[in-house]
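This report refers to the structure that appears directly beneath it.
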Protein chains: 4
Amino acid sequence: MMIIMRNDATTEEIKAIVARVEDYGLSAHISTGVERTIIGAIGDGRLVYKDQFMHMPGVDRVLPISRPYKLASREFKPTNSVFRMDGMKIGGNGVVIIAGPCSVENREQLLETAMAVCEAGAHALRGGVFKPRTSPYSFQGLGEAGLELLAEAREKTGLPIVTEVMSVRQIPILKQYVDVLQVGARNMQNFSLLHAVGESNHPVLLKRGMMATVEELLMAAEYILSHGNQRVIVCERGIRTFETATRNTTDINAIPVLKSLTHLPVILDPSHGTGHWEYVTAVARAGIAAGADGLIVEVHPRPGEALSDGSQSLRPERFVDLMKQIRSVAQAVGRSIAPVPGSDTKDEEVLQVRMEG
Amino acid sequence: MMIIMRNDATTEEIKAIVARVEDYGLSAHISTGVERTIIGAIGDGRLVYKDQFMHMPGVDRVLPISRPYKLASREFKPTNSVFRMDGMKIGGNGVVIIAGPCSVENREQLLETAMAVCEAGAHALRGGVFKPRTSPYSFQGLGEAGLELLAEAREKTGLPIVTEVMSVRQIPILKQYVDVLQVGARNMQNFSLLHAVGESNHPVLLKRGMMATVEELLMAAEYILSHGNQRVIVCERGIRTFETATRNTTDINAIPVLKSLTHLPVILDPSHGTGHWEYVTAVARAGIAAGADGLIVEVHPRPGEALSDGSQSLRPERFVDLMKQIRSVAQAVGRSIAPVPGSDTKDEEVLQVRMEG
Amino acid sequence: MMIIMRNDATTEEIKAIVARVEDYGLSAHISTGVERTIIGAIGDGRLVYKDQFMHMPGVDRVLPISRPYKLASREFKPTNSVFRMDGMKIGGNGVVIIAGPCSVENREQLLETAMAVCEAGAHALRGGVFKPRTSPYSFQGLGEAGLELLAEAREKTGLPIVTEVMSVRQIPILKQYVDVLQVGARNMQNFSLLHAVGESNHPVLLKRGMMATVEELLMAAEYILSHGNQRVIVCERGIRTFETATRNTTDINAIPVLKSLTHLPVILDPSHGTGHWEYVTAVARAGIAAGADGLIVEVHPRPGEALSDGSQSLRPERFVDLMKQIRSVAQAVGRSIAPVPGSDTKDEEVLQVRMEG
Amino acid sequence: MMIIMRNDATTEEIKAIVARVEDYGLSAHISTGVERTIIGAIGDGRLVYKDQFMHMPGVDRVLPISRPYKLASREFKPTNSVFRMDGMKIGGNGVVIIAGPCSVENREQLLETAMAVCEAGAHALRGGVFKPRTSPYSFQGLGEAGLELLAEAREKTGLPIVTEVMSVRQIPILKQYVDVLQVGARNMQNFSLLHAVGESNHPVLLKRGMMATVEELLMAAEYILSHGNQRVIVCERGIRTFETATRNTTDINAIPVLKSLTHLPVILDPSHGTGHWEYVTAVARAGIAAGADGLIVEVHPRPGEALSDGSQSLRPERFVDLMKQIRSVAQAVGRSIAPVPGSDTKDEEVLQVRMEG
């Protein structure tokens with residue numbers, strides 16, 4: 001942490017800062033410049049409160065230096081985290097595609113979609129039963145009744161299930177039915193929920209909040225990791241900006257930035273990132289080209305009848321086309337589509353060992 | 001809802017839209033323009049899914065017309081909502097000031113602050129015991145142990161207590177101890193929590209999310225109202241923008257905008273809105289000048305030792321000065337500081353009756 | 001400037017940084033921390049290119065420490081700059097109100113507005129003749145023909161004239177006709193124009209770009225100051241954010257932030273800041289309450305017929321009301337409305353001397 | 001245009017709106033809903049001022065329907081615009097790469113870079129001689145002296161030259177020396193400059209403003225097109241958001257959005273879009289994968305010595321690698337790298353004719 005003094009700070013003020021730094025068990029290094037003095041507080045600054053210095057007389061600004069997360073950082077763990085969630089392996093060379101409807105609406109809709117995305121080569125099925133909706137008058141999801149349908153879809157297709165968890169008390173029942181707990185964008189800083197999914201030890205797909213920086217996303221991941229859960233996937237899903245031509249602004253920069261800062265698998269949601277099905281495939285290609293480890297894509301057999309997110313859902317035939325294009329782009333960047341659950345994955349695993357070695 | 005067709009839409013496509021509109025029990029009005037056709041769907045559109053039209057052939061865009069909230073709107077209830085929370089009355093002509101530390105840290109700090117803000121004329125005491133912190137390594141609050149301290153502070157000062165609720169399971173115990181449940185900015189779209197505080201029938205202070213629009217804030221209020229709780233205060237606390245000179249950007253426009261759109265009391269948090277104590281008083285004055293019904297302000301006896309938000313906390317003597325300045329600005333805009341809890345408030349109430357009659 | 005090394009930086013890499021710092025004639029101070037080394041470059045860093053260090057091996061980040069502007073800073077000149085522009089004095093205790101139509105449309109409209117704002121107590125008349133319009137198909141202003149009308153309005157009312165300059169070649173003629181050259185938000189980083197108005201030595205009203213930080217606004221002012229022109233007023237006029245309820249988001253924080261960072265007069269434009277006449281007066285009050293030295297407000301006799309910005313223009317009778325309210329708020333914060341041009345201002349000047357002394 | 005009345009609008013107020021709509025030579029279609037009445041103004045609305053309706057009694061909101069640009073729209077011209085700028089053809093199936101230093105610094109630096117990017121397969125050379133710099137104390141470019149160096153570089157490499165124009169008076173000399181006039185992000189709404197480059201009839205590379213919407217970018221292009229210049233390339237270069245991990249946020253969505261809205265060639269600047277050389281290649285790949293027609297990339301032989309933008313410039317060997325990767329991604333999406341200037345381009349042109357036929 002660097003404490004930058006005002007250009008009219010007195011010697012006494014500087015001494016008081018040094019004393020406070022030393023109170024925290026850190027050592028203080030003083031740089032006396034032409035215009036002003038800067039005091040470096042050297043040591044593990046994670047527990048020191050920057051705010052406590054900002055109020056001291058003579059202080060102009062305080063700049064943190066250390067990154068505030070550790071377990072999530074690539075400095076802490078340089079090799080990619082690769083892990084399995086039921087049959088699906090993520091974080092390796094193979095690109096993983098999670099697909100399915102925004103909401104589970106009924107048996108026919110879910111099974112039809114599940115069969116379609118399975119045949120097209122998807123690795124996991126998404127589908128919400130607890131839905132965070134802006135309006136209290138919108139469809140709120142089937143709730144627990146939807147979980148039986150998801151279980152049936154898994155049995156029929158063999159695909160692991162990804163579904164959103166909205167509150168702590170839903171965790172026990174979700175763990176019985178689903179393979180990956182998704183923490184949605186609006187709950188990215190619901191710290192009670194992060195704490196609880198951290199303790200659940202169930203794989204987590206953590207979506208970036210629409211207002212969250214990359215650093216805050218990694219801090220949210222740190223919450224989960226620090227409660228003992230190592231299987232966290234982080235997901236860029238578009239941020240909120242002034243642009244209104246699309247629902248959100250896909251922060252494509254975040255893909256290489258996250259890959260450089262963290263060892264966790266990084267995926268992209270081009271459906272929420274754009275909000276319009278016409279743009280989903282182009283942005284999905286961009287995500288893989290930028291280095292994402294996978295995608296999560298909304299698919300609906302009849303988007304015009306969807307109870308949520310219809311405008312950004314692909315019809316199954318368009319999803320088949322997306323898979324084909326993604327396969328081509330993945331190869332262009334030296335990757336492949338991951339083997340589907342149930343197929344022989346030996347070669348791939350060998351490769352991983354070598355890469356991580 | 002207006003459905004705007006592409007300029008090459010066919011007659012069949014237009015007919016299909018009309019049929020769908022009528023399926024929803026709405027009537028369709030067609031405007032055939034030089035460039036394109038527009039179809040108005042007339043009726044209560046709150047339950048119709050805009051997305052369902054966006055996928056139909058020939059559709060260019062769909063524009064909602066009705067405001068998506070009702071119970072929160074001034075169109076629905078033209079007069080200001082005025083209600084009591086323990087001794088504090090809010091929403092009337094009198095401006096209400098809530099003050100106290102960011103976090104309850106210990107008995108001495110809390111009681112010292114409580115006495116100071118009470119003497120300065122504040123109407124309620126704020127203080128968090130469950131703290132939403134970006135870092136898992138930061139102070140997370142005293143938890144339930146802090147509630148006894150808040151109860152003691154209330155007993156000593158007579159001030160009603162405002163504290164943050166972070167999860168559904170904290171509601172029962174908080175209801176026993178505190179007068180107002182605060183829903184924080186990061187939980188503004190934690191719909192499980194909104195639902196639960198709606199059912200709690202306890203007064204709620206709802207803070208705007210840092211990346212939420214005014215409309216989304218009112219939709220969040222609608223969640224609470226639609227579950228039967230009428231006592232909701234909405235609070236502007238700064239939004240996230242590209243500007244880095246301040247922690248957030250106080251959206252001062254939101255004050256008159258909210259006052260025109262909703263009947264609920266509207267307050268401002270200049271502490272989070274700026275993030276720097278030097279700017280708090282100036283922005284507090286601005287909030288009252290713009291028409292806010294109150295303020296929520298962070299005060300700490302020794303900000304340099306605060307475990308959270310020290311840089312934006314006022315020392316007690318600066319808070320005394322803020323109160324003096326707010327009194328002056330309130331008078332300049334035809335308002336007054338509300339009587340403090342326990343004082344005779346008869347005249348004020350008579351005034352309210354007249355204003356609302 | 002602080003150069004923060006990666007945690008795996010080698011001794012050679014650190015030595016190379018030190019050598020480069022010394023090449024620039026600065027001295028290097030090294031702080032060796034537990035996790036990483038930080039090198040402070042001490043001296044006048046304004047001419048050193050941060051980018052040049054970012055490419056050197058072993059560097060993690062480079063943080064500037066000095067503020068990048070000097071002439072505009074309050075550290076350089078602690079007392080408020082107070083100056084005259086024709087009859088109008090700005091920057092002192094008296095609040096200054098500039099009012100008039102967005103565009104000069106015709107003689108009748110301009111003179112009617114000018115008389116109305118003069119009678120209501122305004123200190124200067126605004127009115128554009130060169131209009132920056134988003135669409136090439138919108139009204140582009142009367143051009144030079146409008147200048148004669150402005151001259152006539154000045155003669156009739158005695159009010160100094162503020163008008164926008166859009167390109168360098170318009171400066172000579174504008175200097176003949178108008179008292180203050182306004183640089184619009186879209187041209188805030190048109191550096192050719194800033195350079196030229198700096199050399200013009202004519203008073204300048206510099207509006208903040210809708211995408212500019214407070215620091216960039218002060219850098220733009222620095223351009224003008226560094227070319228020899230000391231009479232610069234900076235104007236907050238709303239920034240672009242995700243919020244769509246208003247045209248822009250008035251950054252009310254910027255008022256106290258600017259007042260603390262610069263000695264230049266700071267005014268607010270509540271018309272562009274909100275974009276809706278209903279909110280203009282409330283936000284104008286907020287601006288004065290927050291410490292602004294003045295306002296610039298759009299007024300039109302028949303807003304429904306205005307060729308630009310009608311939705312944010314006040315009718316004259318509403319402007320009369322605004323003036324009354326502003327007078328009241330100004331007094332509440334220890335200020336007054338400045339004497340109008342032509343009145344006896346002796347006492348005011350004496351006051352200034354005392355304040356600045 | 002749709003005029004949405006308040007729910008308490010009177011019959012007289014509605015009649016007045018209809019009369020005003022008809023005054024403009026448009027026809028009015030009235031939809032009477034359960035809650036409110038909506039009036040559609042049918043006809044060419046480009047010249048009608050939305051603001052003029054917003055002030056009329058009883059009006060709640062006014063929504064534009066027509067897109068405000070025409071010449072730039074794909075509705076107006078459905079096939080891609082393909083055009084030559086000296087030897088470089090853009091807008092066809094072949095992807096075009098423009099590369100070179102941010103600033104022309106001296107003869108050695110420019111020629112070394114020009115030779116390197118030429119050998120790596122670039123199609124044009126970029127290099128600024130007039131530099132828009134945030135600080136008046138930063139390097140402002142070599143000015144006209146730099147143009148001779150650019151001419152020499154063109155002669156040596158055969159590459160056409162792209163350089164930035166900052167003011168109207170620079171256009172005549174730039175036309176003599178350079179092949180493409182670049183309008184920078186900070187000047188995207190410098191309407192005097194847009195007007196002048198429109199009349200210049202010289203190819204223009206128009207960069208999106210950092211806070212401009214896609215629609216405003218196309219309106220800026222419309223300015224140029226409406227003054228008779230058809231050769232306009234639009235360039236996404238990152239927008240300003242709350243994220244600070246990168247210099248700007250590359251709006252990758254804008255690539256497919258622009259390709260669907262306009263027939264003009266669309267390119268991406270991953271250097272400004274990210275601000276860090278480590279991320280440039282990943283985002284360049286993403287841009288081509290998303291459908292961009294080309295890239296503009298900053299290259300410097302010794303980024304650590306660059307006088308501007310060093311942190312985002314690639315060394316020549318990294319640019320060679322970028323070209324290789326882009327070739328691979330372009331093929332994956334059914335495109336190719338365009339033939340370099342001077343090579344036989346017959347097949348490519350035949351292909352274009354077929355695509356556009």
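Please note that chains go A, B, ... in the order of the structure tokens, that every chain numbers its residues from 1, and that ligands are numbered from 1 in the order shown.
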
Return as a PyMOL selection string the residues belonging to chain C that are within 7 Å of chain B, counting only C-alpha atoms.
chain C and resi 213+241+243+249-253+256+274+279+282-283+285-287+289-291+328-329+332

Tell me, as a PyMOL selection string, which residues lie within 6 Å of Ile296 of chain A, counting only C-alpha atoms; anything in the same chain fewer than 4 positions away does not count.
chain A and resi 97-99+269

Selected residues written out, C-alpha atoms, as a CSV table (one decimal), in the first residue's frame:
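Listing of selection.csv after writing:
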chain,number,residue,atom,x,y,z
A,97,ILE,CA,-20.6,-26.0,-24.4
A,98,ILE,CA,-23.5,-25.7,-21.9
A,99,ALA,CA,-26.8,-25.2,-23.6
A,269,ASP,CA,-22.5,-16.3,-22.2

Write out as a PyMOL selection string the set of residues from segment 139-279 of chain B that DSSP, computed on the backbone, places in strand (DSSP E).
chain B and resi 161-164+180-183+204-207+232-236+266-268

Save out the residues we just selected, N, CA, C and O atoms, as a tab-separated table (two decimals), in the first residue's frame.
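What landed in again_19.tsv:
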chain	number	residue	atom	x	y	z
B	161	ILE	N	-33.89	2.19	15.11
B	161	ILE	CA	-32.67	1.58	14.56
B	161	ILE	C	-32.91	1.11	13.12
B	161	ILE	O	-33.91	0.46	12.84
B	162	VAL	N	-31.94	1.44	12.25
B	162	VAL	CA	-31.95	0.98	10.87
B	162	VAL	C	-30.73	0.08	10.67
B	162	VAL	O	-29.61	0.51	10.94
B	163	THR	N	-30.93	-1.15	10.21
B	163	THR	CA	-29.77	-2.01	9.99
B	163	THR	C	-30.00	-2.89	8.77
B	163	THR	O	-31.13	-3.14	8.36
B	164	GLU	N	-28.90	-3.34	8.19
B	164	GLU	CA	-29.00	-4.09	6.93
B	164	GLU	C	-29.31	-5.56	7.16
B	164	GLU	O	-28.73	-6.19	8.05
B	180	VAL	N	-36.13	-0.69	11.22
B	180	VAL	CA	-36.15	-0.61	9.77
B	180	VAL	C	-35.12	-1.60	9.21
B	180	VAL	O	-33.97	-1.59	9.63
B	181	LEU	N	-35.58	-2.43	8.26
B	181	LEU	CA	-34.69	-3.38	7.60
B	181	LEU	C	-34.12	-2.71	6.35
B	181	LEU	O	-34.88	-2.30	5.47
B	182	GLN	N	-32.82	-2.61	6.28
B	182	GLN	CA	-32.21	-2.01	5.09
B	182	GLN	C	-31.83	-3.12	4.10
B	182	GLN	O	-31.17	-4.09	4.47
B	183	VAL	N	-32.27	-2.98	2.85
B	183	VAL	CA	-31.80	-3.87	1.78
B	183	VAL	C	-30.71	-3.12	1.04
B	183	VAL	O	-30.96	-2.03	0.50
B	204	VAL	N	-39.02	-0.97	5.44
B	204	VAL	CA	-37.84	-1.32	4.64
B	204	VAL	C	-37.21	-0.06	4.06
B	204	VAL	O	-37.92	0.81	3.55
B	205	LEU	N	-35.89	0.01	4.14
B	205	LEU	CA	-35.14	1.05	3.45
B	205	LEU	C	-34.44	0.34	2.29
B	205	LEU	O	-33.53	-0.47	2.52
B	206	LEU	N	-34.84	0.64	1.08
B	206	LEU	CA	-34.36	-0.07	-0.11
B	206	LEU	C	-33.35	0.81	-0.84
B	206	LEU	O	-33.71	1.85	-1.38
B	207	LYS	N	-32.09	0.35	-0.88
B	207	LYS	CA	-31.07	1.15	-1.56
B	207	LYS	C	-30.98	0.77	-3.03
B	207	LYS	O	-31.10	-0.41	-3.39
B	232	VAL	N	-42.12	1.32	2.48
B	232	VAL	CA	-40.84	1.21	1.78
B	232	VAL	C	-40.29	2.61	1.53
B	232	VAL	O	-41.00	3.47	1.01
B	233	ILE	N	-39.05	2.82	1.92
B	233	ILE	CA	-38.33	4.06	1.62
B	233	ILE	C	-37.33	3.72	0.53
B	233	ILE	O	-36.63	2.71	0.65
B	234	VAL	N	-37.24	4.51	-0.52
B	234	VAL	CA	-36.22	4.24	-1.54
B	234	VAL	C	-35.07	5.23	-1.35
B	234	VAL	O	-35.27	6.38	-0.96
B	235	CYS	N	-33.87	4.76	-1.63
B	235	CYS	CA	-32.66	5.54	-1.32
B	235	CYS	C	-31.68	5.56	-2.49
B	235	CYS	O	-31.19	4.51	-2.91
B	236	GLU	N	-31.42	6.76	-2.98
B	236	GLU	CA	-30.34	6.96	-3.96
B	236	GLU	C	-29.02	6.95	-3.21
B	236	GLU	O	-28.87	7.68	-2.22
B	266	VAL	N	-38.33	9.31	-0.51
B	266	VAL	CA	-37.06	9.21	-1.24
B	266	VAL	C	-35.97	9.86	-0.41
B	266	VAL	O	-36.09	11.04	-0.06
B	267	ILE	N	-34.93	9.12	-0.10
B	267	ILE	CA	-33.82	9.73	0.66
B	267	ILE	C	-32.50	9.57	-0.09
B	267	ILE	O	-32.43	8.84	-1.09
B	268	LEU	N	-31.49	10.27	0.38
B	268	LEU	CA	-30.17	10.25	-0.27
B	268	LEU	C	-29.10	9.82	0.72
B	268	LEU	O	-29.12	10.21	1.89

Which one is closest to Ala19 of chain B: B:His227, B:Ile39, B:Leu322, B:Phe76? Count only C-alpha atoms.
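Comparing B:His227, B:Ile39, B:Leu322, B:Phe76 against Ala19 of chain B, the winner is B:Ile39.
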
When DSSP is applied to the backbone of this structure, which of segment 38-285 of chain B are assigned alpha helix (DSSP H)? Write them out as a compact mmCIF listing (two decimals) with C-alpha atoms, in the first residue's frame.
# COMPACT_ATOMS: atom_id res chain seq x y z
CA LYS B 50 -42.26 -8.69 -25.31
CA ASP B 51 -39.72 -11.38 -26.18
CA GLN B 52 -42.45 -13.53 -27.62
CA PHE B 53 -43.01 -10.99 -30.37
CA MET B 54 -39.36 -10.29 -31.08
CA ARG B 107 -20.06 -0.99 22.64
CA GLU B 108 -18.04 2.15 23.19
CA GLN B 109 -17.92 3.12 19.52
CA LEU B 110 -21.63 2.54 19.04
CA LEU B 111 -22.87 4.31 22.16
CA GLU B 112 -20.53 7.24 21.65
CA THR B 113 -21.80 7.66 18.09
CA ALA B 114 -25.42 7.15 19.06
CA MET B 115 -25.26 9.80 21.76
CA ALA B 116 -23.51 12.20 19.41
CA VAL B 117 -25.96 11.89 16.51
CA CYS B 118 -28.89 12.03 18.91
CA GLU B 119 -27.64 15.27 20.42
CA ALA B 120 -27.03 16.68 16.97
CA GLU B 144 -26.16 -11.14 16.27
CA ALA B 145 -23.90 -9.98 19.06
CA GLY B 146 -24.19 -6.49 17.61
CA LEU B 147 -27.97 -6.49 17.96
CA GLU B 148 -27.80 -6.26 21.75
CA LEU B 149 -25.61 -3.21 21.39
CA LEU B 150 -28.10 -1.61 19.01
CA ALA B 151 -30.90 -2.33 21.48
CA GLU B 152 -28.91 -0.66 24.22
CA ALA B 153 -28.27 2.35 21.99
CA ARG B 154 -31.98 2.65 21.30
CA GLU B 155 -32.80 2.50 24.93
CA LYS B 156 -30.25 5.19 25.76
CA THR B 157 -31.21 7.57 22.95
CA ILE B 171 -35.26 -11.47 9.20
CA PRO B 172 -36.90 -13.01 12.30
CA ILE B 173 -34.19 -11.93 14.69
CA LEU B 174 -33.77 -8.51 13.08
CA LYS B 175 -37.50 -7.86 13.48
CA GLN B 176 -37.12 -8.33 17.22
CA TYR B 177 -34.32 -5.82 17.50
CA PHE B 191 -35.50 -11.31 -5.31
CA SER B 192 -35.72 -13.97 -2.59
CA LEU B 193 -34.84 -11.30 -0.07
CA LEU B 194 -37.25 -8.74 -1.54
CA HIS B 195 -40.03 -11.30 -1.38
CA ALA B 196 -39.25 -12.09 2.26
CA VAL B 197 -39.00 -8.49 3.48
CA GLY B 198 -42.25 -7.88 1.61
CA GLU B 199 -43.93 -10.56 3.69
CA SER B 200 -42.22 -9.39 6.90
CA VAL B 214 -34.51 4.23 -11.52
CA GLU B 215 -37.08 1.95 -13.13
CA GLU B 216 -35.40 -1.16 -11.74
CA LEU B 217 -35.31 0.43 -8.29
CA LEU B 218 -39.04 0.97 -8.50
CA MET B 219 -39.52 -2.61 -9.74
CA ALA B 220 -37.62 -3.82 -6.68
CA ALA B 221 -39.92 -1.67 -4.51
CA GLU B 222 -42.87 -3.20 -6.38
CA TYR B 223 -41.69 -6.68 -5.30
CA ILE B 224 -41.89 -5.59 -1.67
CA LEU B 225 -45.20 -3.76 -2.09
CA SER B 226 -46.75 -6.64 -3.98
CA ALA B 254 -32.87 10.64 -9.49
CA ILE B 255 -34.28 12.68 -6.62
CA PRO B 256 -36.78 14.73 -8.66
CA VAL B 257 -37.32 11.81 -11.05
CA LEU B 258 -38.25 9.47 -8.21
CA LYS B 259 -40.41 12.12 -6.53
CA SER B 260 -42.37 12.47 -9.76
CA LEU B 261 -42.70 8.72 -10.46
CA PRO B 270 -24.22 11.20 0.41
CA SER B 271 -21.64 9.03 2.19
CA HIS B 272 -21.71 6.18 -0.33
CA GLY B 273 -22.65 8.62 -3.08
CA THR B 274 -19.26 10.32 -2.78
CA TRP B 277 -16.02 12.76 3.83
CA GLU B 278 -14.86 16.09 2.36
CA TYR B 279 -17.71 16.00 -0.16
CA VAL B 280 -20.46 14.53 2.04
CA THR B 281 -21.88 17.79 3.41
CA ALA B 282 -21.98 19.53 0.03
CA VAL B 283 -23.82 16.62 -1.57
CA ALA B 284 -26.14 16.28 1.44
CA ARG B 285 -27.14 19.93 0.93
